[in-house]
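Shown below: protein.cif, with mmCIF, N, CA and C atoms.
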```
data_my_file
loop_
_atom_site.label_atom_id
_atom_site.label_comp_id
_atom_site.auth_asym_id
_atom_site.auth_seq_id
_atom_site.Cartn_x
_atom_site.Cartn_y
_atom_site.Cartn_z
N MET A 791 -8.81 -12.53 9.85
CA MET A 791 -8.38 -11.17 9.55
C MET A 791 -9.48 -10.49 8.74
N ASN A 792 -9.92 -9.33 9.18
CA ASN A 792 -10.93 -8.57 8.45
C ASN A 792 -10.22 -7.66 7.45
N VAL A 793 -10.24 -8.05 6.19
CA VAL A 793 -9.51 -7.33 5.14
C VAL A 793 -10.06 -5.93 4.95
N ASP A 794 -11.38 -5.78 5.06
CA ASP A 794 -11.99 -4.46 4.84
C ASP A 794 -11.53 -3.45 5.89
N ARG A 795 -11.51 -3.86 7.16
CA ARG A 795 -11.05 -2.94 8.21
C ARG A 795 -9.57 -2.65 8.07
N PHE A 796 -8.80 -3.65 7.70
CA PHE A 796 -7.36 -3.46 7.52
C PHE A 796 -7.11 -2.48 6.37
N SER A 797 -7.83 -2.65 5.26
CA SER A 797 -7.68 -1.75 4.11
C SER A 797 -8.08 -0.33 4.49
N SER A 798 -9.14 -0.19 5.26
CA SER A 798 -9.59 1.13 5.71
C SER A 798 -8.53 1.79 6.59
N ALA A 799 -7.93 1.02 7.49
CA ALA A 799 -6.87 1.57 8.35
C ALA A 799 -5.66 1.98 7.53
N CYS A 800 -5.30 1.18 6.53
CA CYS A 800 -4.16 1.53 5.66
C CYS A 800 -4.45 2.80 4.86
N ASN A 801 -5.70 2.93 4.37
CA ASN A 801 -6.08 4.15 3.64
C ASN A 801 -5.98 5.37 4.55
N SER A 802 -6.43 5.24 5.80
CA SER A 802 -6.37 6.36 6.74
C SER A 802 -4.92 6.73 7.06
N LEU A 803 -4.08 5.72 7.27
CA LEU A 803 -2.67 5.98 7.56
C LEU A 803 -1.99 6.68 6.39
N GLU A 804 -2.27 6.22 5.18
CA GLU A 804 -1.65 6.83 4.01
C GLU A 804 -2.17 8.26 3.80
N THR A 805 -3.44 8.51 4.11
CA THR A 805 -3.98 9.87 4.02
C THR A 805 -3.23 10.78 4.99
N GLY A 806 -2.95 10.27 6.20
CA GLY A 806 -2.17 11.05 7.17
C GLY A 806 -0.78 11.37 6.66
N PHE A 807 -0.12 10.40 6.05
CA PHE A 807 1.21 10.65 5.46
C PHE A 807 1.11 11.67 4.33
N ASN A 808 0.06 11.59 3.52
CA ASN A 808 -0.10 12.53 2.41
C ASN A 808 -0.26 13.96 2.92
N ILE A 809 -0.96 14.13 4.02
CA ILE A 809 -1.14 15.47 4.60
C ILE A 809 0.18 15.96 5.19
N LEU A 810 0.83 15.12 5.98
CA LEU A 810 2.07 15.54 6.65
C LEU A 810 3.22 15.81 5.69
N GLU A 811 3.24 15.13 4.53
CA GLU A 811 4.35 15.35 3.61
C GLU A 811 4.31 16.74 2.99
N CYS A 812 3.19 17.43 3.07
CA CYS A 812 3.06 18.77 2.50
C CYS A 812 3.53 19.86 3.45
N VAL A 813 3.72 19.51 4.71
CA VAL A 813 4.14 20.50 5.71
C VAL A 813 5.64 20.72 5.58
N PRO A 814 6.07 21.99 5.40
CA PRO A 814 7.50 22.26 5.28
C PRO A 814 8.28 21.70 6.47
N ILE A 815 9.44 21.19 6.22
CA ILE A 815 10.39 20.59 7.16
C ILE A 815 9.87 19.26 7.73
N VAL A 816 8.65 19.23 8.27
CA VAL A 816 8.07 18.01 8.83
C VAL A 816 7.91 16.95 7.73
N GLY A 817 7.58 17.39 6.52
CA GLY A 817 7.34 16.47 5.41
C GLY A 817 8.53 15.60 5.08
N GLY A 818 9.73 16.14 5.22
CA GLY A 818 10.93 15.35 4.95
C GLY A 818 11.08 14.19 5.91
N PHE A 819 10.79 14.44 7.19
CA PHE A 819 10.90 13.39 8.19
C PHE A 819 9.81 12.33 8.02
N THR A 820 8.57 12.78 7.81
CA THR A 820 7.49 11.81 7.64
C THR A 820 7.68 11.00 6.36
N SER A 821 8.26 11.60 5.35
CA SER A 821 8.50 10.87 4.10
C SER A 821 9.62 9.84 4.27
N ALA A 822 10.59 10.14 5.13
CA ALA A 822 11.63 9.15 5.43
C ALA A 822 11.00 7.95 6.15
N VAL A 823 10.08 8.24 7.06
CA VAL A 823 9.35 7.16 7.75
C VAL A 823 8.52 6.37 6.74
N ARG A 824 7.86 7.09 5.81
CA ARG A 824 7.06 6.43 4.78
C ARG A 824 7.92 5.47 3.95
N THR A 825 9.14 5.88 3.64
CA THR A 825 10.04 5.03 2.85
C THR A 825 10.36 3.75 3.61
N LYS A 826 10.66 3.86 4.89
CA LYS A 826 10.98 2.68 5.70
C LYS A 826 9.76 1.77 5.86
N LEU A 827 8.61 2.37 6.15
CA LEU A 827 7.39 1.57 6.29
C LEU A 827 7.00 0.92 4.97
N GLY A 828 7.25 1.61 3.86
CA GLY A 828 6.99 1.03 2.54
C GLY A 828 7.83 -0.20 2.30
N ALA A 829 9.09 -0.16 2.74
CA ALA A 829 9.96 -1.32 2.59
C ALA A 829 9.44 -2.50 3.42
N MET A 830 9.02 -2.21 4.65
CA MET A 830 8.47 -3.27 5.50
C MET A 830 7.17 -3.81 4.91
N GLN A 831 6.36 -2.93 4.36
CA GLN A 831 5.11 -3.35 3.74
C GLN A 831 5.36 -4.25 2.53
N ALA A 832 6.34 -3.89 1.72
CA ALA A 832 6.68 -4.70 0.55
C ALA A 832 7.17 -6.08 0.96
N VAL A 833 7.99 -6.14 2.00
CA VAL A 833 8.49 -7.43 2.48
C VAL A 833 7.34 -8.27 3.04
N ALA A 834 6.46 -7.65 3.81
CA ALA A 834 5.30 -8.38 4.35
C ALA A 834 4.43 -8.91 3.21
N GLY A 835 4.26 -8.11 2.18
CA GLY A 835 3.49 -8.56 1.02
C GLY A 835 4.14 -9.74 0.33
N LEU A 836 5.47 -9.69 0.21
CA LEU A 836 6.19 -10.81 -0.41
C LEU A 836 6.05 -12.08 0.42
N VAL A 837 6.09 -11.94 1.74
CA VAL A 837 5.91 -13.10 2.62
C VAL A 837 4.52 -13.70 2.40
N CYS A 838 3.50 -12.84 2.31
CA CYS A 838 2.14 -13.32 2.05
C CYS A 838 2.07 -14.07 0.72
N MET A 839 2.75 -13.55 -0.29
CA MET A 839 2.72 -14.22 -1.60
C MET A 839 3.44 -15.57 -1.55
N VAL A 840 4.52 -15.68 -0.80
CA VAL A 840 5.23 -16.96 -0.67
C VAL A 840 4.33 -17.96 0.06
N VAL A 841 3.72 -17.52 1.17
CA VAL A 841 2.81 -18.40 1.91
C VAL A 841 1.66 -18.83 1.00
N ALA A 842 1.13 -17.89 0.22
CA ALA A 842 0.04 -18.22 -0.70
C ALA A 842 0.48 -19.23 -1.75
N GLY A 843 1.67 -19.06 -2.27
CA GLY A 843 2.18 -20.01 -3.27
C GLY A 843 2.30 -21.42 -2.72
N ILE A 844 2.83 -21.52 -1.50
CA ILE A 844 2.95 -22.83 -0.85
C ILE A 844 1.56 -23.41 -0.58
N GLY A 845 0.66 -22.55 -0.11
CA GLY A 845 -0.71 -23.00 0.18
C GLY A 845 -1.46 -23.44 -1.07
N ILE A 846 -1.29 -22.72 -2.16
CA ILE A 846 -1.94 -23.11 -3.42
C ILE A 846 -1.39 -24.44 -3.91
N PHE A 847 -0.08 -24.61 -3.81
CA PHE A 847 0.54 -25.88 -4.21
C PHE A 847 -0.02 -27.03 -3.38
N ALA A 848 -0.05 -26.84 -2.05
CA ALA A 848 -0.57 -27.89 -1.16
C ALA A 848 -2.05 -28.15 -1.43
N SER A 849 -2.81 -27.09 -1.68
CA SER A 849 -4.24 -27.24 -1.97
C SER A 849 -4.47 -28.02 -3.25
N ASN A 850 -3.64 -27.76 -4.24
CA ASN A 850 -3.76 -28.52 -5.49
C ASN A 850 -3.42 -29.99 -5.28
N CYS A 851 -2.39 -30.25 -4.47
CA CYS A 851 -2.03 -31.64 -4.18
C CYS A 851 -3.15 -32.37 -3.45
N LEU A 852 -3.81 -31.65 -2.54
CA LEU A 852 -4.90 -32.25 -1.75
C LEU A 852 -6.26 -32.12 -2.44
N ARG A 853 -6.28 -31.42 -3.56
CA ARG A 853 -7.51 -31.17 -4.33
C ARG A 853 -8.59 -30.51 -3.47
N ASP A 854 -8.15 -29.54 -2.69
CA ASP A 854 -9.05 -28.77 -1.82
C ASP A 854 -9.28 -27.40 -2.46
N GLN A 855 -10.38 -27.26 -3.18
CA GLN A 855 -10.66 -26.02 -3.91
C GLN A 855 -10.96 -24.84 -2.98
N GLU A 856 -11.59 -25.12 -1.85
CA GLU A 856 -11.91 -24.05 -0.89
C GLU A 856 -10.63 -23.45 -0.32
N ALA A 857 -9.71 -24.30 0.08
CA ALA A 857 -8.42 -23.81 0.60
C ALA A 857 -7.65 -23.07 -0.49
N LYS A 858 -7.71 -23.58 -1.71
CA LYS A 858 -7.02 -22.93 -2.82
C LYS A 858 -7.55 -21.51 -3.02
N ARG A 859 -8.87 -21.35 -2.97
CA ARG A 859 -9.47 -20.03 -3.13
C ARG A 859 -9.02 -19.07 -2.03
N LYS A 860 -8.92 -19.58 -0.81
CA LYS A 860 -8.47 -18.74 0.31
C LYS A 860 -7.01 -18.33 0.14
N PHE A 861 -6.18 -19.26 -0.29
CA PHE A 861 -4.76 -18.93 -0.50
C PHE A 861 -4.59 -17.98 -1.68
N GLU A 862 -5.45 -18.08 -2.68
CA GLU A 862 -5.40 -17.13 -3.79
C GLU A 862 -5.72 -15.72 -3.29
N ALA A 863 -6.66 -15.62 -2.34
CA ALA A 863 -6.98 -14.31 -1.75
C ALA A 863 -5.79 -13.77 -0.97
N VAL A 864 -5.08 -14.65 -0.25
CA VAL A 864 -3.88 -14.23 0.48
C VAL A 864 -2.82 -13.75 -0.51
N GLY A 865 -2.71 -14.42 -1.64
CA GLY A 865 -1.76 -14.00 -2.67
C GLY A 865 -2.09 -12.63 -3.24
N ARG A 866 -3.39 -12.38 -3.49
CA ARG A 866 -3.80 -11.05 -3.99
C ARG A 866 -3.53 -9.98 -2.96
N PHE A 867 -3.80 -10.30 -1.69
CA PHE A 867 -3.52 -9.37 -0.60
C PHE A 867 -2.03 -9.05 -0.56
N GLY A 868 -1.19 -10.08 -0.67
CA GLY A 868 0.25 -9.88 -0.67
C GLY A 868 0.73 -9.06 -1.85
N ALA A 869 0.18 -9.35 -3.02
CA ALA A 869 0.57 -8.61 -4.23
C ALA A 869 0.20 -7.14 -4.09
N GLU A 870 -0.99 -6.89 -3.55
CA GLU A 870 -1.42 -5.51 -3.37
C GLU A 870 -0.49 -4.75 -2.43
N HIS A 871 -0.12 -5.38 -1.33
CA HIS A 871 0.73 -4.70 -0.36
C HIS A 871 2.18 -4.59 -0.84
N THR A 872 2.63 -5.53 -1.64
CA THR A 872 3.96 -5.41 -2.23
C THR A 872 4.00 -4.20 -3.16
N LEU A 873 2.97 -4.07 -3.97
CA LEU A 873 2.88 -2.92 -4.89
C LEU A 873 2.78 -1.61 -4.13
N HIS A 874 1.90 -1.56 -3.14
CA HIS A 874 1.75 -0.33 -2.34
C HIS A 874 3.06 0.01 -1.63
N GLY A 875 3.73 -1.00 -1.09
CA GLY A 875 5.00 -0.76 -0.42
C GLY A 875 6.04 -0.17 -1.36
N ALA A 876 6.12 -0.72 -2.57
CA ALA A 876 7.08 -0.19 -3.55
C ALA A 876 6.73 1.25 -3.92
N LEU A 877 5.45 1.52 -4.13
CA LEU A 877 5.03 2.89 -4.47
C LEU A 877 5.28 3.85 -3.31
N ASN A 878 5.06 3.38 -2.08
CA ASN A 878 5.34 4.23 -0.92
C ASN A 878 6.83 4.52 -0.78
N MET A 879 7.67 3.54 -1.09
CA MET A 879 9.12 3.79 -1.04
C MET A 879 9.52 4.83 -2.08
N ILE A 880 8.98 4.71 -3.29
CA ILE A 880 9.31 5.67 -4.35
C ILE A 880 8.82 7.07 -3.99
N ARG A 881 7.57 7.16 -3.53
CA ARG A 881 7.03 8.47 -3.18
C ARG A 881 7.78 9.08 -2.01
N GLY A 882 8.05 8.28 -0.98
CA GLY A 882 8.78 8.78 0.17
C GLY A 882 10.16 9.28 -0.19
N ALA A 883 10.88 8.52 -1.01
CA ALA A 883 12.23 8.93 -1.42
C ALA A 883 12.18 10.20 -2.26
N THR A 884 11.17 10.32 -3.11
CA THR A 884 11.02 11.52 -3.93
C THR A 884 10.78 12.76 -3.07
N VAL A 885 9.91 12.62 -2.09
CA VAL A 885 9.60 13.77 -1.23
C VAL A 885 10.80 14.11 -0.34
N VAL A 886 11.53 13.11 0.12
CA VAL A 886 12.76 13.38 0.89
C VAL A 886 13.75 14.15 0.02
N PHE A 887 13.88 13.75 -1.23
CA PHE A 887 14.78 14.44 -2.17
C PHE A 887 14.34 15.89 -2.37
N ILE A 888 13.04 16.10 -2.60
CA ILE A 888 12.53 17.47 -2.77
C ILE A 888 12.79 18.29 -1.51
N SER A 889 12.55 17.69 -0.37
CA SER A 889 12.76 18.38 0.90
C SER A 889 14.23 18.73 1.11
N ALA A 890 15.12 17.80 0.78
CA ALA A 890 16.55 18.04 0.96
C ALA A 890 17.06 19.13 0.01
N CYS A 891 16.54 19.17 -1.19
CA CYS A 891 17.00 20.15 -2.19
C CYS A 891 16.48 21.56 -1.91
N THR A 892 15.42 21.67 -1.12
CA THR A 892 14.81 22.98 -0.89
C THR A 892 14.80 23.37 0.58
N SER A 893 15.65 22.76 1.37
CA SER A 893 15.72 23.02 2.82
C SER A 893 14.37 22.81 3.50
N GLY A 894 13.60 21.87 3.02
CA GLY A 894 12.32 21.54 3.65
C GLY A 894 11.14 22.36 3.20
N ILE A 895 11.37 23.41 2.45
CA ILE A 895 10.28 24.30 2.05
C ILE A 895 9.55 23.77 0.82
N GLY A 896 10.24 23.02 -0.01
CA GLY A 896 9.66 22.52 -1.26
C GLY A 896 8.55 21.51 -1.10
N ASN A 897 8.32 21.06 0.13
CA ASN A 897 7.26 20.08 0.35
C ASN A 897 5.89 20.64 0.00
N VAL A 898 5.78 21.95 -0.04
CA VAL A 898 4.51 22.58 -0.41
C VAL A 898 4.12 22.17 -1.83
N VAL A 899 5.13 21.83 -2.65
CA VAL A 899 4.88 21.37 -4.03
C VAL A 899 3.97 20.15 -4.03
N MET A 900 4.04 19.33 -2.98
CA MET A 900 3.23 18.12 -2.92
C MET A 900 1.74 18.41 -2.72
N LEU A 901 1.40 19.67 -2.46
CA LEU A 901 -0.02 20.02 -2.39
C LEU A 901 -0.71 19.83 -3.74
N ALA A 902 0.01 20.10 -4.83
CA ALA A 902 -0.59 20.03 -6.17
C ALA A 902 -1.19 18.66 -6.48
N PRO A 903 -0.42 17.56 -6.39
CA PRO A 903 -1.05 16.28 -6.71
C PRO A 903 -2.11 15.86 -5.70
N ASN A 904 -1.95 16.28 -4.44
CA ASN A 904 -2.93 15.89 -3.43
C ASN A 904 -4.25 16.64 -3.57
N MET A 905 -4.19 17.86 -4.07
CA MET A 905 -5.42 18.65 -4.19
C MET A 905 -6.06 18.50 -5.57
N ALA A 906 -5.39 17.81 -6.48
CA ALA A 906 -5.93 17.63 -7.83
C ALA A 906 -7.00 16.54 -7.88
N LYS A 907 -7.14 15.78 -6.81
CA LYS A 907 -8.10 14.68 -6.78
C LYS A 907 -9.42 15.15 -6.16
N ASP A 908 -10.49 14.41 -6.45
CA ASP A 908 -11.78 14.72 -5.84
C ASP A 908 -11.72 14.57 -4.32
N GLU A 909 -11.17 13.45 -3.88
CA GLU A 909 -10.99 13.22 -2.44
C GLU A 909 -9.56 13.60 -2.09
N MET A 910 -9.38 14.84 -1.67
CA MET A 910 -8.03 15.36 -1.44
C MET A 910 -7.28 14.55 -0.38
N PHE A 911 -6.01 14.34 -0.64
CA PHE A 911 -5.05 13.69 0.26
C PHE A 911 -5.26 12.18 0.42
N THR A 912 -6.27 11.62 -0.19
CA THR A 912 -6.44 10.17 -0.10
C THR A 912 -5.45 9.50 -1.05
N PRO A 913 -5.15 8.23 -0.84
CA PRO A 913 -4.21 7.53 -1.73
C PRO A 913 -4.73 7.50 -3.17
N PHE A 914 -3.81 7.56 -4.13
CA PHE A 914 -4.20 7.46 -5.53
C PHE A 914 -4.77 6.07 -5.81
N PHE A 915 -4.12 5.05 -5.29
CA PHE A 915 -4.59 3.68 -5.42
C PHE A 915 -5.03 3.24 -4.03
N LYS A 916 -6.32 3.15 -3.82
CA LYS A 916 -6.84 2.82 -2.50
C LYS A 916 -6.59 1.34 -2.18
N TYR A 917 -6.32 1.10 -0.90
CA TYR A 917 -6.14 -0.27 -0.44
C TYR A 917 -7.48 -1.00 -0.57
N GLY A 918 -7.42 -2.23 -0.98
CA GLY A 918 -8.62 -3.05 -1.11
C GLY A 918 -9.20 -3.07 -2.51
N GLU A 919 -8.78 -2.15 -3.38
CA GLU A 919 -9.34 -2.13 -4.74
C GLU A 919 -9.00 -3.41 -5.49
N PHE A 920 -7.79 -3.84 -5.40
CA PHE A 920 -7.35 -5.04 -6.12
C PHE A 920 -8.03 -6.29 -5.54
N THR A 921 -8.04 -6.41 -4.23
CA THR A 921 -8.63 -7.59 -3.60
C THR A 921 -10.15 -7.55 -3.69
N GLU A 922 -10.76 -6.38 -3.60
CA GLU A 922 -12.22 -6.27 -3.68
C GLU A 922 -12.73 -6.68 -5.05
N LYS A 923 -12.10 -6.22 -6.11
CA LYS A 923 -12.55 -6.55 -7.46
C LYS A 923 -12.50 -8.05 -7.70
N ARG A 924 -11.44 -8.68 -7.23
CA ARG A 924 -11.32 -10.13 -7.42
C ARG A 924 -12.34 -10.86 -6.56
N ARG A 925 -12.60 -10.34 -5.37
CA ARG A 925 -13.52 -11.01 -4.47
C ARG A 925 -14.91 -11.06 -5.08
N THR A 926 -15.35 -9.99 -5.73
CA THR A 926 -16.68 -9.99 -6.34
C THR A 926 -16.74 -10.99 -7.50
N VAL A 927 -15.65 -11.16 -8.21
CA VAL A 927 -15.60 -12.13 -9.31
C VAL A 927 -15.65 -13.55 -8.75
N ASP A 928 -15.01 -13.78 -7.60
CA ASP A 928 -14.99 -15.12 -7.02
C ASP A 928 -16.38 -15.64 -6.68
N TYR A 929 -17.29 -14.75 -6.33
CA TYR A 929 -18.61 -15.18 -5.88
C TYR A 929 -19.61 -15.34 -7.01
N LEU A 930 -19.25 -14.98 -8.23
CA LEU A 930 -20.18 -15.10 -9.35
C LEU A 930 -20.41 -16.53 -9.75
#
```

Please lay out the structure from this file as structure tokens.
Amino acid sequence: MNVDRFSSACNSLETGFNILECVPIVGGFTSAVRTKLGAMQAVAGLVCMVVAGIGIFASNCLRDQEAKRKFEAVGRFGAEHTLHGALNMIRGATVVFISACTSGIGNVVMLAPNMAKDEMFTPFFKYGEFTEKRRTVDYL
């Protein structure tokens, strides 16, 4: 699995959701989808962390440091996606609430946080940041 390409694809997908959530009426529907996908992402991340835990345990029993390092990377990947999934569920539910309270017009409010960043509409927490930082430390 190429983590860099996967992280890049996740960043692009989330940027698309960030743009669509600002469109009146459409934003409510895309945010509902974001909430569901966030739940699936969180579950997938949890599965990765469970697999990593089992793998780290087995690696320790077999005293295989290389395998342990790989399973630790899987665990970081899972933790990152669990966190992103939870944040996507919260953001999606918030935007659905705003959309429902304003008949879909209030989604324009979401322009403010998206345009306040240097790279507009990109995720606040980019995919790969958590795993990339650890990866550079692993090679020192």

Counting all atoms listed in the file, closest pick from A:Thr921, A:Met900, A:Ser797, A:Phe915 relative to Val885 of chain A is A:Met900

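With only N, CA and C atoms as the atoms that count, the minimum distance from Val837 of chain A to the choices A:His874, A:Lys916, A:Gly868, A:Ala883 is reached by A:Gly868.
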
Would you kindly return, as a list in words, each protein, DNA or RNA residue with an atom no farther than 9 Å from any atom of Val823 of chain A, considering only C-alpha atoms and excluding same-chain residues fewer than 5 positions away?
Gly818, Gly828 and Gly882 of chain A

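Between Leu827 of chain A and the residues A:Met839, A:Phe914, A:Phe807, A:Val864, the shortest atom-to-atom distance, using only C-alpha atoms, involves A:Phe807.
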
Taking 3 positions as the minimum chain separation for residues in the same chain, which residues sit within 7 Å of segment 886-895 of chain A when counting only N, CA and C atoms? Answer as an NGL selection string.
:A and (813-819 or 821-822 or 881-883 or 898-899)

Written selection (N, CA and C atoms) as a tab-separated table (two decimals), keeping the file's coordinate frame:
```tsv
chain	number	residue	atom	x	y	z
A	813	VAL	N	3.72	19.51	4.71
A	813	VAL	CA	4.14	20.50	5.71
A	813	VAL	C	5.64	20.72	5.58
A	814	PRO	N	6.07	21.99	5.40
A	814	PRO	CA	7.50	22.26	5.28
A	814	PRO	C	8.28	21.70	6.47
A	815	ILE	N	9.44	21.19	6.22
A	815	ILE	CA	10.39	20.59	7.16
A	815	ILE	C	9.87	19.26	7.73
A	816	VAL	N	8.65	19.23	8.27
A	816	VAL	CA	8.07	18.01	8.83
A	816	VAL	C	7.91	16.95	7.73
A	817	GLY	N	7.58	17.39	6.52
A	817	GLY	CA	7.34	16.47	5.41
A	817	GLY	C	8.53	15.60	5.08
A	818	GLY	N	9.73	16.14	5.22
A	818	GLY	CA	10.93	15.35	4.95
A	818	GLY	C	11.08	14.19	5.91
A	819	PHE	N	10.79	14.44	7.19
A	819	PHE	CA	10.90	13.39	8.19
A	819	PHE	C	9.81	12.33	8.02
A	821	SER	N	8.26	11.60	5.35
A	821	SER	CA	8.50	10.87	4.10
A	821	SER	C	9.62	9.84	4.27
A	822	ALA	N	10.59	10.14	5.13
A	822	ALA	CA	11.63	9.15	5.43
A	822	ALA	C	11.00	7.95	6.15
A	881	ARG	N	7.57	7.16	-3.53
A	881	ARG	CA	7.03	8.47	-3.18
A	881	ARG	C	7.78	9.08	-2.01
A	882	GLY	N	8.05	8.28	-0.98
A	882	GLY	CA	8.78	8.78	0.17
A	882	GLY	C	10.16	9.28	-0.19
A	883	ALA	N	10.88	8.52	-1.01
A	883	ALA	CA	12.23	8.93	-1.42
A	883	ALA	C	12.18	10.20	-2.26
A	898	VAL	N	5.78	21.95	-0.04
A	898	VAL	CA	4.51	22.58	-0.41
A	898	VAL	C	4.12	22.17	-1.83
A	899	VAL	N	5.13	21.83	-2.65
A	899	VAL	CA	4.88	21.37	-4.03
A	899	VAL	C	3.97	20.15	-4.03
```

Residues flagged helix (DSSP H, G or I) by DSSP in chain A, as number ranges by chain
A: 793-810, 816-852, 855-891, 895-905, 919-928

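For the set A:Cys838, A:Ala799, A:Ala857, A:Ile846, the residue with the smallest atom-to-atom gap to Ala869 of chain A is A:Cys838, counting all atoms listed in the file.
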
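For the atom pair formed by atom CA of His871 of chain A and atom C of Lys826 of chain A, the distance is 12.7 Å, given to one decimal.
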
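Comparing the minimum interatomic distances between Asn878 of chain A and each of A:Ala863, A:Leu836, A:Ala829, A:Cys800, counting only C-alpha atoms, we find that A:Ala829 sits nearest.
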
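Excluding Ile809 of chain A itself and same-chain residues fewer than 5 positions from it, the residues having an atom within 8 Å of it are Leu803, Glu804, Gly817, Asn904, Met910, Phe911 and Thr912 of chain A, counting only N, CA and C atoms.
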
Centre, edges in Å (one decimal): axis-aligned box, segment 862-868 of chain A, 3 Å padding on all six sides, as AutoDock Vina command-line options:
```
--center_x -3.1 --center_y -13.6 --center_z -1.8 --size_x 13.7 --size_y 15.0 --size_z 10.5
```

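The interatomic distance for the pair atom CA of Ile880 of chain A and atom CA of Thr825 of chain A works out to 7.3 Å.
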
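The two atoms in question, atom CA of Ser802 of chain A and atom CA of Tyr917 of chain A, are spaced 9.8 Å apart.
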
Which neighbours of Arg866 of chain A fall inside 12 Å, counting only C-alpha atoms, when residues of the same chain fewer than 6 positions from it are skipped, and could you give them as a ChimeraX atom specification?
/A:793,835-843,859-860,872-873,917-925
